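Trainee: Have a look at the structure that comes next, please.
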Amino acid sequence: MRLILLGPPGAGKGTQARRLMQKYGLVQLATGDMLRAHIAADDDIGKRVKEIMASGQLVPDQLIVFMIAERISHPDCEKGFILDGFPRTVPQAEALDKMLADLDQKLDAVIKLKVDEGKLLKRIEGRFTCADCGASYHQEFHKPKVEGICDECGSDHFVVRPDDNPEKMKVRLTAFREQTAPILPYYEAKGILHSVDGMADIDAVSDAIDAILDKIAIST
Ligand code: ADP
Ligand code: ADP
Ligand code: ZN
């Protein structure tokens, strides 16, 4: 199964990708997480993207495409993967098609998380993430079961993203509207675009995604 989760910042892509990864054993390919790992390592890619990411803008297509092309050809991706945060521009979507064609693979579904933009700021302002395993939480909507302890790995080390603030969110939403939303018709034309209500609670969104995946499995 090869999926794309698509939606603006805070739509729930990471939360749902992680659940799908755990449920179906698919690899989660989250370009934002990959870039943050490069920044933490302070390597060449990290140095190039640090300021761009902090500003809320998108990093150059070429760099992202290079990073994904390298990752997607690893053997652990053969069984399937969930793309979270990629593609984010039309050239990236076209590059992905070419990459998959070269690997003799195809996309099964693009799942759009439909959200109310006005409510996203509250989502990202309350977001915090486990520094050790990447599990993501929310101060109000998804607290760890035991306060201060990660449900998944027991760590007590959490981080808040530097771009999760109102000023950068504005830039990120504009980038979504202007550069990412235009890829929706691209996938609609291919007949693989599905949409779920991303404002429902986390379990209900997972159920809606499962229902779509079940349907696809029956028809293929
Ligand atoms: P994205 O990867 O699309 O930016 P996340 O999955 O990180 O979004 O979710 C953003 C924040 O909103 C996180 O703090 C997460 O815990 C919370 N969240 C995710 N899905 C929902 C939901 N359906 N309802 C309420 N809060 C949610
Ligand atoms: P969110 O979960 O809020 O949607 P991400 O973690 O996916 O955010 O991405 C954070 C930042 O990383 C983006 O604002 C952008 O600077 C960069 N980034 C991530 N994925 C891409 C991509 N596919 N193309 C360009 N920039 C990207
Ligand atoms: Zn953890």
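Chains: A, B, ... in order of the structure tokens. Residues: from 1 per chain. Ligands: from 1, in order shown.
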Between chain A and ligand 2, at 8 Å or less, what are the per-residue closest atom pairs and their distances in Å? Count only C-alpha atoms and all ligand atoms, order by chain and rising residue number, and return it as JSON lines.
Mentor:
{"residue": "A:Gly7", "atom": "CA", "partner": "ligand 2", "partner_atom_place_in_ligand_line": "4 (O)", "distance": 7.3}
{"residue": "A:Pro8", "atom": "CA", "partner": "ligand 2", "partner_atom_place_in_ligand_line": "4 (O)", "distance": 5.7}
{"residue": "A:Pro9", "atom": "CA", "partner": "ligand 2", "partner_atom_place_in_ligand_line": "4 (O)", "distance": 3.6}
{"residue": "A:Gly10", "atom": "CA", "partner": "ligand 2", "partner_atom_place_in_ligand_line": "3 (O)", "distance": 5.4}
{"residue": "A:Ala11", "atom": "CA", "partner": "ligand 2", "partner_atom_place_in_ligand_line": "4 (O)", "distance": 7.4}
{"residue": "A:Gly12", "atom": "CA", "partner": "ligand 2", "partner_atom_place_in_ligand_line": "2 (O)", "distance": 7.7}
{"residue": "A:Lys13", "atom": "CA", "partner": "ligand 2", "partner_atom_place_in_ligand_line": "2 (O)", "distance": 6.8}
{"residue": "A:Gly14", "atom": "CA", "partner": "ligand 2", "partner_atom_place_in_ligand_line": "2 (O)", "distance": 6.4}
{"residue": "A:Ala30", "atom": "CA", "partner": "ligand 2", "partner_atom_place_in_ligand_line": "7 (O)", "distance": 6.5}
{"residue": "A:Thr31", "atom": "CA", "partner": "ligand 2", "partner_atom_place_in_ligand_line": "20 (N)", "distance": 4.4}
{"residue": "A:Gly32", "atom": "CA", "partner": "ligand 2", "partner_atom_place_in_ligand_line": "6 (O)", "distance": 3.4}
{"residue": "A:Asp33", "atom": "CA", "partner": "ligand 2", "partner_atom_place_in_ligand_line": "6 (O)", "distance": 5.7}
{"residue": "A:Leu35", "atom": "CA", "partner": "ligand 2", "partner_atom_place_in_ligand_line": "12 (O)", "distance": 6.5}
{"residue": "A:Arg36", "atom": "CA", "partner": "ligand 2", "partner_atom_place_in_ligand_line": "12 (O)", "distance": 7.7}
{"residue": "A:Val49", "atom": "CA", "partner": "ligand 2", "partner_atom_place_in_ligand_line": "16 (O)", "distance": 7.6}
{"residue": "A:Ile52", "atom": "CA", "partner": "ligand 2", "partner_atom_place_in_ligand_line": "16 (O)", "distance": 5.9}
{"residue": "A:Met53", "atom": "CA", "partner": "ligand 2", "partner_atom_place_in_ligand_line": "16 (O)", "distance": 3.7}
{"residue": "A:Ala54", "atom": "CA", "partner": "ligand 2", "partner_atom_place_in_ligand_line": "16 (O)", "distance": 7.1}
{"residue": "A:Ser55", "atom": "CA", "partner": "ligand 2", "partner_atom_place_in_ligand_line": "16 (O)", "distance": 7.4}
{"residue": "A:Gly56", "atom": "CA", "partner": "ligand 2", "partner_atom_place_in_ligand_line": "14 (O)", "distance": 4.6}
{"residue": "A:Gln57", "atom": "CA", "partner": "ligand 2", "partner_atom_place_in_ligand_line": "16 (O)", "distance": 4.8}
{"residue": "A:Leu58", "atom": "CA", "partner": "ligand 2", "partner_atom_place_in_ligand_line": "26 (N)", "distance": 3.7}
{"residue": "A:Val59", "atom": "CA", "partner": "ligand 2", "partner_atom_place_in_ligand_line": "26 (N)", "distance": 4.1}
{"residue": "A:Pro60", "atom": "CA", "partner": "ligand 2", "partner_atom_place_in_ligand_line": "25 (C)", "distance": 6.0}
{"residue": "A:Asp61", "atom": "CA", "partner": "ligand 2", "partner_atom_place_in_ligand_line": "24 (N)", "distance": 6.0}
{"residue": "A:Ile64", "atom": "CA", "partner": "ligand 2", "partner_atom_place_in_ligand_line": "24 (N)", "distance": 5.8}
{"residue": "A:Val65", "atom": "CA", "partner": "ligand 2", "partner_atom_place_in_ligand_line": "23 (N)", "distance": 8.0}
{"residue": "A:Asp84", "atom": "CA", "partner": "ligand 2", "partner_atom_place_in_ligand_line": "7 (O)", "distance": 6.6}
{"residue": "A:Gly85", "atom": "CA", "partner": "ligand 2", "partner_atom_place_in_ligand_line": "7 (O)", "distance": 4.2}
{"residue": "A:Phe86", "atom": "CA", "partner": "ligand 2", "partner_atom_place_in_ligand_line": "23 (N)", "distance": 4.0}
{"residue": "A:Pro87", "atom": "CA", "partner": "ligand 2", "partner_atom_place_in_ligand_line": "23 (N)", "distance": 4.9}
{"residue": "A:Arg88", "atom": "CA", "partner": "ligand 2", "partner_atom_place_in_ligand_line": "23 (N)", "distance": 4.6}
{"residue": "A:Thr89", "atom": "CA", "partner": "ligand 2", "partner_atom_place_in_ligand_line": "24 (N)", "distance": 6.9}
{"residue": "A:Gln92", "atom": "CA", "partner": "ligand 2", "partner_atom_place_in_ligand_line": "23 (N)", "distance": 7.3}
{"residue": "A:Ile124", "atom": "CA", "partner": "ligand 2", "partner_atom_place_in_ligand_line": "3 (O)", "distance": 7.5}
{"residue": "A:Asp163", "atom": "CA", "partner": "ligand 2", "partner_atom_place_in_ligand_line": "14 (O)", "distance": 7.6}
{"residue": "A:Asp164", "atom": "CA", "partner": "ligand 2", "partner_atom_place_in_ligand_line": "3 (O)", "distance": 7.6}
{"residue": "A:Arg172", "atom": "CA", "partner": "ligand 2", "partner_atom_place_in_ligand_line": "14 (O)", "distance": 5.7}
Trainee: I need the residues from that last selection saved to file as a short mmCIF file (atom, residue, chain, number, x, y, z; two decimals), in the first residue's frame (with C-alpha atoms), if you can.
Mentor:
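Contents of part.cif, freshly written:
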data_model
loop_
_atom_site.label_atom_id
_atom_site.label_comp_id
_atom_site.auth_asym_id
_atom_site.auth_seq_id
_atom_site.Cartn_x
_atom_site.Cartn_y
_atom_site.Cartn_z
CA GLY A 7 -3.38 18.57 4.46
CA PRO A 8 -2.23 21.91 5.84
CA PRO A 9 0.03 22.20 8.90
CA GLY A 10 -1.75 20.79 11.94
CA ALA A 11 -4.28 18.78 9.90
CA GLY A 12 -3.24 15.55 11.62
CA LYS A 13 -0.98 13.98 8.96
CA GLY A 14 1.74 12.91 11.41
CA ALA A 30 7.79 12.37 6.90
CA THR A 31 9.89 14.94 5.09
CA GLY A 32 9.58 17.47 7.95
CA ASP A 33 10.96 14.90 10.42
CA LEU A 35 14.74 17.59 7.62
CA ARG A 36 14.64 18.16 11.39
CA VAL A 49 17.40 24.16 5.35
CA ILE A 52 14.14 28.28 5.48
CA MET A 53 12.24 25.94 7.80
CA ALA A 54 12.37 28.40 10.66
CA SER A 55 10.80 31.02 8.34
CA GLY A 56 7.85 28.73 7.53
CA GLN A 57 8.65 28.58 3.82
CA LEU A 58 9.14 25.46 1.73
CA VAL A 59 12.64 24.17 1.08
CA PRO A 60 13.72 23.76 -2.60
CA ASP A 61 12.05 20.96 -4.56
CA ILE A 64 13.40 17.26 -1.10
CA VAL A 65 13.13 15.12 -4.22
CA ASP A 84 3.52 12.59 5.24
CA GLY A 85 4.40 16.12 4.12
CA PHE A 86 5.45 15.14 0.59
CA PRO A 87 4.68 16.05 -2.16
CA ARG A 88 4.02 19.69 -1.38
CA THR A 89 4.33 21.20 -4.86
CA GLN A 92 7.38 17.29 -6.39
CA ILE A 124 -0.18 23.70 16.34
CA ASP A 163 7.90 27.14 13.69
CA ASP A 164 4.74 26.28 15.67
CA ARG A 172 3.03 28.01 6.29
#
Trainee: Which residues come within 9 Å of range 113-118 of chain A, counting only C-alpha atoms, excluding same-chain residues fewer than 2 positions away, as a list in words?
Mentor: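 So, after excluding close chain neighbours, the residues are Leu5, Leu6, Gly7, Pro8, Ala11, Gly12, Lys13, Ile111, Leu120, Leu121, Lys122, Leu173, His194, Ser195, Val196, Asp197, Gly198, Met199 and Val205 of chain A.
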Trainee: Per residue of chain A within 7 Å of ligand 3, record the nearest atom pair and its distance in Å to one decimal, counting only C-alpha atoms and all ligand atoms, with rows in chain order and ascending residue number, as a tab-separated table.
Mentor:
residue	atom	partner	partner_atom_place_in_ligand_line	distance
A:Cys130	CA	ligand 3	1 (Zn)	4.6
A:Ala131	CA	ligand 3	1 (Zn)	6.7
A:Asp132	CA	ligand 3	1 (Zn)	5.2
A:Cys133	CA	ligand 3	1 (Zn)	4.1
A:Gly134	CA	ligand 3	1 (Zn)	6.0
A:Ala135	CA	ligand 3	1 (Zn)	5.4
A:Cys150	CA	ligand 3	1 (Zn)	4.6
A:Asp151	CA	ligand 3	1 (Zn)	6.6
A:Glu152	CA	ligand 3	1 (Zn)	5.0
A:Cys153	CA	ligand 3	1 (Zn)	4.1
A:Gly154	CA	ligand 3	1 (Zn)	6.0
A:Ser155	CA	ligand 3	1 (Zn)	5.3
Trainee: Please save N, CA and C atoms of the selected residues as a CSV table (one decimal), in the first residue's frame.
Mentor:
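Output contents, as saved in part.csv:
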chain,number,residue,atom,x,y,z
A,130,CYS,N,7.5,13.9,21.4
A,130,CYS,CA,8.5,13.2,22.2
A,130,CYS,C,9.8,13.3,21.4
A,131,ALA,N,10.8,13.7,22.2
A,131,ALA,CA,12.1,13.9,21.5
A,131,ALA,C,12.8,12.6,21.2
A,132,ASP,N,12.4,11.5,21.9
A,132,ASP,CA,13.0,10.2,21.7
A,132,ASP,C,12.4,9.4,20.6
A,133,CYS,N,11.0,9.4,20.5
A,133,CYS,CA,10.4,8.5,19.5
A,133,CYS,C,9.6,9.2,18.5
A,134,GLY,N,9.4,10.5,18.7
A,134,GLY,CA,8.6,11.3,17.7
A,134,GLY,C,7.1,11.3,17.9
A,135,ALA,N,6.6,10.6,18.8
A,135,ALA,CA,5.1,10.6,19.1
A,135,ALA,C,4.7,12.0,19.3
A,150,CYS,N,5.9,9.9,27.9
A,150,CYS,CA,5.5,9.5,26.5
A,150,CYS,C,4.8,8.1,26.6
A,151,ASP,N,3.6,8.0,26.1
A,151,ASP,CA,2.8,6.7,26.1
A,151,ASP,C,3.6,5.6,25.4
A,152,GLU,N,4.3,6.0,24.3
A,152,GLU,CA,4.9,5.0,23.5
A,152,GLU,C,6.3,4.5,23.9
A,153,CYS,N,7.1,5.4,24.5
A,153,CYS,CA,8.5,4.9,24.8
A,153,CYS,C,8.9,5.2,26.3
A,154,GLY,N,8.0,5.9,27.0
A,154,GLY,CA,8.3,6.2,28.4
A,154,GLY,C,9.2,7.4,28.7
A,155,SER,N,9.7,8.0,27.6
A,155,SER,CA,10.6,9.2,27.8
A,155,SER,C,9.9,10.3,28.5
Trainee: Looking at A:Ala217, A:Val171, A:Ala200, A:Ile212, which one is nearest to ligand 1, with distances taken over only C-alpha atoms and all ligand atoms?
Mentor: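 Closest residue, counting only C-alpha atoms and all ligand atoms: A:Ala200.
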